[in-house]
Amino acid sequence: MRRPFEYVIEKAIFLSGAASILFVALIFIFLLKEGLALFGEVNFFSFLLGTNWYPISDPPQFGILPLILGSVFVTLGAIVIAVPLGLAAAIYTAEVAPRSIRGILKSGIELLAAIPSIVLGFIGIIFLAPLLKNLFNLPSGLTALAGSIMLAFMAMPTIVSIIEDAIVSVPKNYKEGSLALGATHWQTIYRVILPAASSGIIAAVMLGIGRVIGETMAVLMITGNAAIMPTSFLQPVRTLTATVAAEMGEAVSGSLHYYSLFAIGIILFIISFIINILADMFLNRSRSRR
Amino acid sequence: MRDTRRYERIAFNLLLLATLIIIAPVGIIVFIVLWHGLPGLSWEFLTAMPRDGMRAGGIFPAIVGTILLTIGTAVFSIPLGILAAIYLNEYAERNWLTRMVEISIINLAGIPSIVYGLFGLGLFVSFLGFGASILAGSLTLAIMTLPVIITATREALGSVPNAFREVSFSLGASRWQTVRGVVLPNAIPGILTGTILGLSRAAGETAPILFTVAAFYLPRLPESIFDQAMALPYHIYVLSTQVPNVSLKVQYSTVLVLVALVFVMNLTAAYIRSKFRKRKTW
């Protein structure tokens with residue numbers, strides 16, 4: 001009874017399912033293929049821990065520590081801003097907001113997620129940078145802080161929606177039990193609901209970090225792009241992602257510079273891999289509690 | 001007792017404040033872009049080639065480039081994404097292979113966009129010899145969009161009640177006939193919504209197309225899929241950071257066109273979702 005078409009389409013369905021594994025493997029293989037060539041010439045540890053990034057000097061120096069620290073600075077700043085605000089907004093949307101405006105709030109957060117990062121970078125150059133420049137009396141407003149603020153807004157939709165899911169999926173009887181014992185709604189939220197949603201909250205923070213570390217265009221435009229060891233949030237920095245975006249255009253295919261940018265890609269791939277696996281573990285834990 | 005009530009009121013007001021801090025910038029950005037962008041918008045701006053080193057004229061090739069890239073992304077990612085979701089939701093058993101597929105999708109969703117750019121450069125542009133082209137850019141964007149489409153489709157398929165499948169099986173339909181005749185038709189609105197959202201993200205992306213397709217300045221339309229193309233997001237980057245003395249009016253109007261494109265796609269998705277949610281009777 002099985003018609004040939006059905007056989008073909010079911011094979012196609014299976015292959016499409018398995019294709020995701022193939023793509024992840026291909027991405028890693030091609031990063032390795034172009035990136036590992038660097039380590040024939042450059043010691044791995046002087047790549048990872050070197051403090052000088054002068055890829056086109058003679059002799060060139062490929063130390064990415066300033067870039068790693070640039071990413072760390074911008075990410076830390078963004079998370080410090082985004083997590084408290086995102087947590088608060090998630091609580092408000094899930095627990096406090098009247099039903100009638102809940103939909104509006106959610107659409108607003110979805111629209112924030114929809115704004116392309118290049119547009120946020122553009123707005124950052126025109127409004128945020130001059131504002132910071134005047135506020136802190138700086139030679140330029142294009143700083144790690146500017147990047148952190150802009151990236152916080154990019155991470156917030158992720159953080160809000162995952163925490164909100166976690167809060168909504170806390171069993172109803174937890175809440176009812178607490179209210180029945182005479183606790184106020186607010187006491188119930190921070191003593192009962194938030195602890196019960198903690199796995200989801202951790203996952204949200206991790207995915208927020210992943211989103212921020214990987215962001216490219218906005219940081220390229222508003223962090224000032226100085227590949228030096230960062231010491232303060234009020235100075236220009238350069239992230240791993242921005243370095244690849246800014247320099248690949250000029251790197252000669254097959255040169256050490258070209259390989260070094262792919263090597264940065266390997267580092268980024270590994271970071272995002274670890275973050276996503278960990279976040280998934282926490283998400284599964286928060287789901288299995290239901 | 002009165003104190004705890006007061007704490008609650010203060011806490012709730014702070015939560016509201018935080019929510020407003022997140023949402024207000026959306027409104028402010030939209031207002032700023034409209035306010036400064038609308039005056040520069042004209043039929044000529046939308047349909048003419050750029051002139052004077054992109055400081056005057058229009059942005060026609062960038063609009064066409066972005067539309068072509070979005071179509072190319074759709075062509076590759078929609079069939080693959082929907083089939084993969086059907087596999088996960090309708091066929092796959094709970095085993096290590098399914099778990100591997102799920103982990104891969106989660107990782108595809110988290111890989112930084114610039115790493116997709118490197119991958120596209122390594123595989124499509126260099127190794128397969130497509131060069132910087134619409135084909136290479138579309139394929140790169142398609143793989144990046146795939147996890148969004150798979151996740152949304154899977155959710156849509158999952159929301160179709162199991163009773164529907166059981167009735168179909170009991171009438172003697174095969175698994176594929178059930179998927180084709182019963183599950184998919186009921187999941188179409190959810191699939192459409194997720195797909196449009198995924199494509200709107202692809203349309204606004206810059207990093208993956210930097211080295212795989214984007215042309216700095218190409219005042220003509222692409223002739224084949226092996227041609228480079230201009231694209232709106234990259235054009236914004238070029239205008240705001242690479243070319244000196246571009247008037248703010250031109251920059252804002254270009255930003256407005258991209259934001260309008262992305263928002264129209266998002267609103268369409270939201271409209272489909274709300275329309276069909278109301279029609280749902282189960």
# chains A, B, ... in the order shown; residues from 1 in each chain; ligands from 1
>>> residues_around(residues="Pro84 in chain A", least_positions_apart="6", cutoff="10 Å", atoms="only C-alpha atoms", output="list in words")
Ala90, Met156 and Ile159 of chain A; Leu15 and Ala18 of chain B
>>> write_last_selection(atoms="C-alpha atoms", output="PDB file, in the first residue's frame")
ATOM      1  CA  ALA A  90       9.009  39.474  33.360  1.00  0.00           C
ATOM      2  CA  MET A 156      16.288  41.907  27.285  1.00  0.00           C
ATOM      3  CA  ILE A 159      15.694  37.332  29.129  1.00  0.00           C
TER       4      ILE A 159
ATOM      5  CA  LEU B  15       8.307  46.536  38.408  1.00  0.00           C
ATOM      6  CA  ALA B  18      11.371  48.626  34.815  1.00  0.00           C
TER       7      ALA B  18
END
>>> residues_around(residues="Val101 in chain B", least_positions_apart="5", cutoff="9 Å", atoms="only C-alpha atoms", output="number ranges by chain")
A: 17-21; B: 88, 96, 106
>>> write_last_selection(atoms="N, CA and C atoms", output="compact mmCIF listing (two decimals), in the first residue's frame")
# COMPACT_ATOMS: atom_id res chain seq x y z
N GLY A 17 15.65 16.24 9.13
CA GLY A 17 15.82 16.23 10.57
C GLY A 17 17.27 16.11 10.94
N ALA A 18 17.96 15.19 10.25
CA ALA A 18 19.37 14.97 10.58
C ALA A 18 20.28 16.09 10.07
N ALA A 19 19.75 16.92 9.14
CA ALA A 19 20.59 17.96 8.53
C ALA A 19 21.16 18.92 9.57
N SER A 20 20.40 19.18 10.65
CA SER A 20 20.89 20.12 11.67
C SER A 20 22.22 19.67 12.26
N ILE A 21 22.33 18.33 12.47
CA ILE A 21 23.60 17.80 13.01
C ILE A 21 24.71 18.09 12.00
N LEU B 88 10.86 15.76 13.78
CA LEU B 88 10.99 15.78 15.24
C LEU B 88 9.65 15.55 15.94
N TRP B 96 18.85 8.58 21.19
CA TRP B 96 20.03 9.46 21.20
C TRP B 96 20.10 10.33 19.95
N ILE B 106 19.54 23.69 19.02
CA ILE B 106 19.78 24.67 20.08
C ILE B 106 21.09 25.41 19.81
>>> select_by_dssp(residues="range 11-259 of chain B", states="strand (DSSP E or B)", output="MDAnalysis selection string")
chainID B and resid 50:51 56:57 214 229
>>> select_by_dssp(residues="range 89-278 of chain A", states="helix (DSSP H, G or I)", output="MDAnalysis selection string")
chainID A and resid 89:96 99:114 117:136 144:168 172:180 185:196 198:214 217:222 240:247 256:278
>>> atom_distance(atom1="CA of Tyr217 in chain B", atom2="CA of Asp52 in chain B")
11.1 Å
>>> atom_distance(atom1="CA of Ala78 in chain A", atom2="CA of Asn225 in chain A")
17.2 Å
>>> residues_around(residues="range 27-44 of chain A", least_positions_apart="4", cutoff="10 Å", atoms="only C-alpha atoms", output="ChimeraX atom specification")
/A:22-23,48-50,61-63,253-267,269-270 /B:108,111,115-116,118-123,127
>>> residues_around(residues="Thr51 in chain A", least_positions_apart="2", cutoff="12 Å", atoms="only C-alpha atoms", output="PyMOL selection string")
chain A and resi 45-49+53-54+61-70+227-230
>>> residues_around(residues="Ala196 in chain A", least_positions_apart="5", cutoff="10 Å", atoms="only C-alpha atoms", output="list in words")
Ala166, Ile167, Ser169, Val170, Pro171, Tyr174, Ile189, Tyr190, Arg191, Ile201, Ser286 and Arg289 of chain A
>>> residues_around(residues="Ser224 in chain B", least_positions_apart="2", cutoff="12 Å", atoms="only C-alpha atoms", output="list in words")
Gly65, Leu68, Phe130, Ser133, Ile134, Leu135, Leu221, Pro222, Phe226, Asp227, Gln228 and Ala229 of chain B
>>> write_last_selection(atoms="N, CA and C atoms", output="PDB file, in the first residue's frame")
ATOM      1  N   GLY B  65      18.297  44.035  -3.381  1.00  0.00           N
ATOM      2  CA  GLY B  65      19.210  43.038  -2.832  1.00  0.00           C
ATOM      3  C   GLY B  65      18.638  42.365  -1.596  1.00  0.00           C
ATOM      4  N   LEU B  68      15.801  40.057  -2.600  1.00  0.00           N
ATOM      5  CA  LEU B  68      16.310  38.825  -3.220  1.00  0.00           C
ATOM      6  C   LEU B  68      16.909  37.890  -2.166  1.00  0.00           C
ATOM      7  N   PHE B 130      31.363  29.519  -4.968  1.00  0.00           N
ATOM      8  CA  PHE B 130      30.254  30.390  -5.380  1.00  0.00           C
ATOM      9  C   PHE B 130      30.679  31.858  -5.439  1.00  0.00           C
ATOM     10  N   SER B 133      28.298  36.042  -3.434  1.00  0.00           N
ATOM     11  CA  SER B 133      27.156  36.021  -4.341  1.00  0.00           C
ATOM     12  C   SER B 133      25.851  35.906  -3.570  1.00  0.00           C
ATOM     13  N   ILE B 134      24.755  36.189  -4.275  1.00  0.00           N
ATOM     14  CA  ILE B 134      23.432  36.055  -3.655  1.00  0.00           C
ATOM     15  C   ILE B 134      23.221  34.622  -3.197  1.00  0.00           C
ATOM     16  N   LEU B 135      23.713  33.652  -3.977  1.00  0.00           N
ATOM     17  CA  LEU B 135      23.566  32.248  -3.607  1.00  0.00           C
ATOM     18  C   LEU B 135      24.260  31.965  -2.274  1.00  0.00           C
ATOM     19  N   LEU B 221      21.448  46.480 -10.849  1.00  0.00           N
ATOM     20  CA  LEU B 221      20.794  45.347 -10.227  1.00  0.00           C
ATOM     21  C   LEU B 221      21.575  44.073 -10.515  1.00  0.00           C
ATOM     22  N   PRO B 222      21.564  43.099  -9.570  1.00  0.00           N
ATOM     23  CA  PRO B 222      22.261  41.833  -9.822  1.00  0.00           C
ATOM     24  C   PRO B 222      21.629  41.107 -11.010  1.00  0.00           C
ATOM     25  N   PHE B 226      24.760  34.408  -8.972  1.00  0.00           N
ATOM     26  CA  PHE B 226      26.201  34.401  -8.697  1.00  0.00           C
ATOM     27  C   PHE B 226      26.755  35.820  -8.646  1.00  0.00           C
ATOM     28  N   ASP B 227      25.862  36.803  -8.683  1.00  0.00           N
ATOM     29  CA  ASP B 227      26.256  38.205  -8.604  1.00  0.00           C
ATOM     30  C   ASP B 227      26.292  38.658  -7.146  1.00  0.00           C
ATOM     31  N   GLN B 228      27.164  39.635  -6.862  1.00  0.00           N
ATOM     32  CA  GLN B 228      27.076  40.295  -5.562  1.00  0.00           C
ATOM     33  C   GLN B 228      25.840  41.187  -5.544  1.00  0.00           C
ATOM     34  N   ALA B 229      25.452  41.651  -4.372  1.00  0.00           N
ATOM     35  CA  ALA B 229      24.320  42.573  -4.310  1.00  0.00           C
ATOM     36  C   ALA B 229      24.513  43.527  -3.146  1.00  0.00           C
TER      37      ALA B 229
END
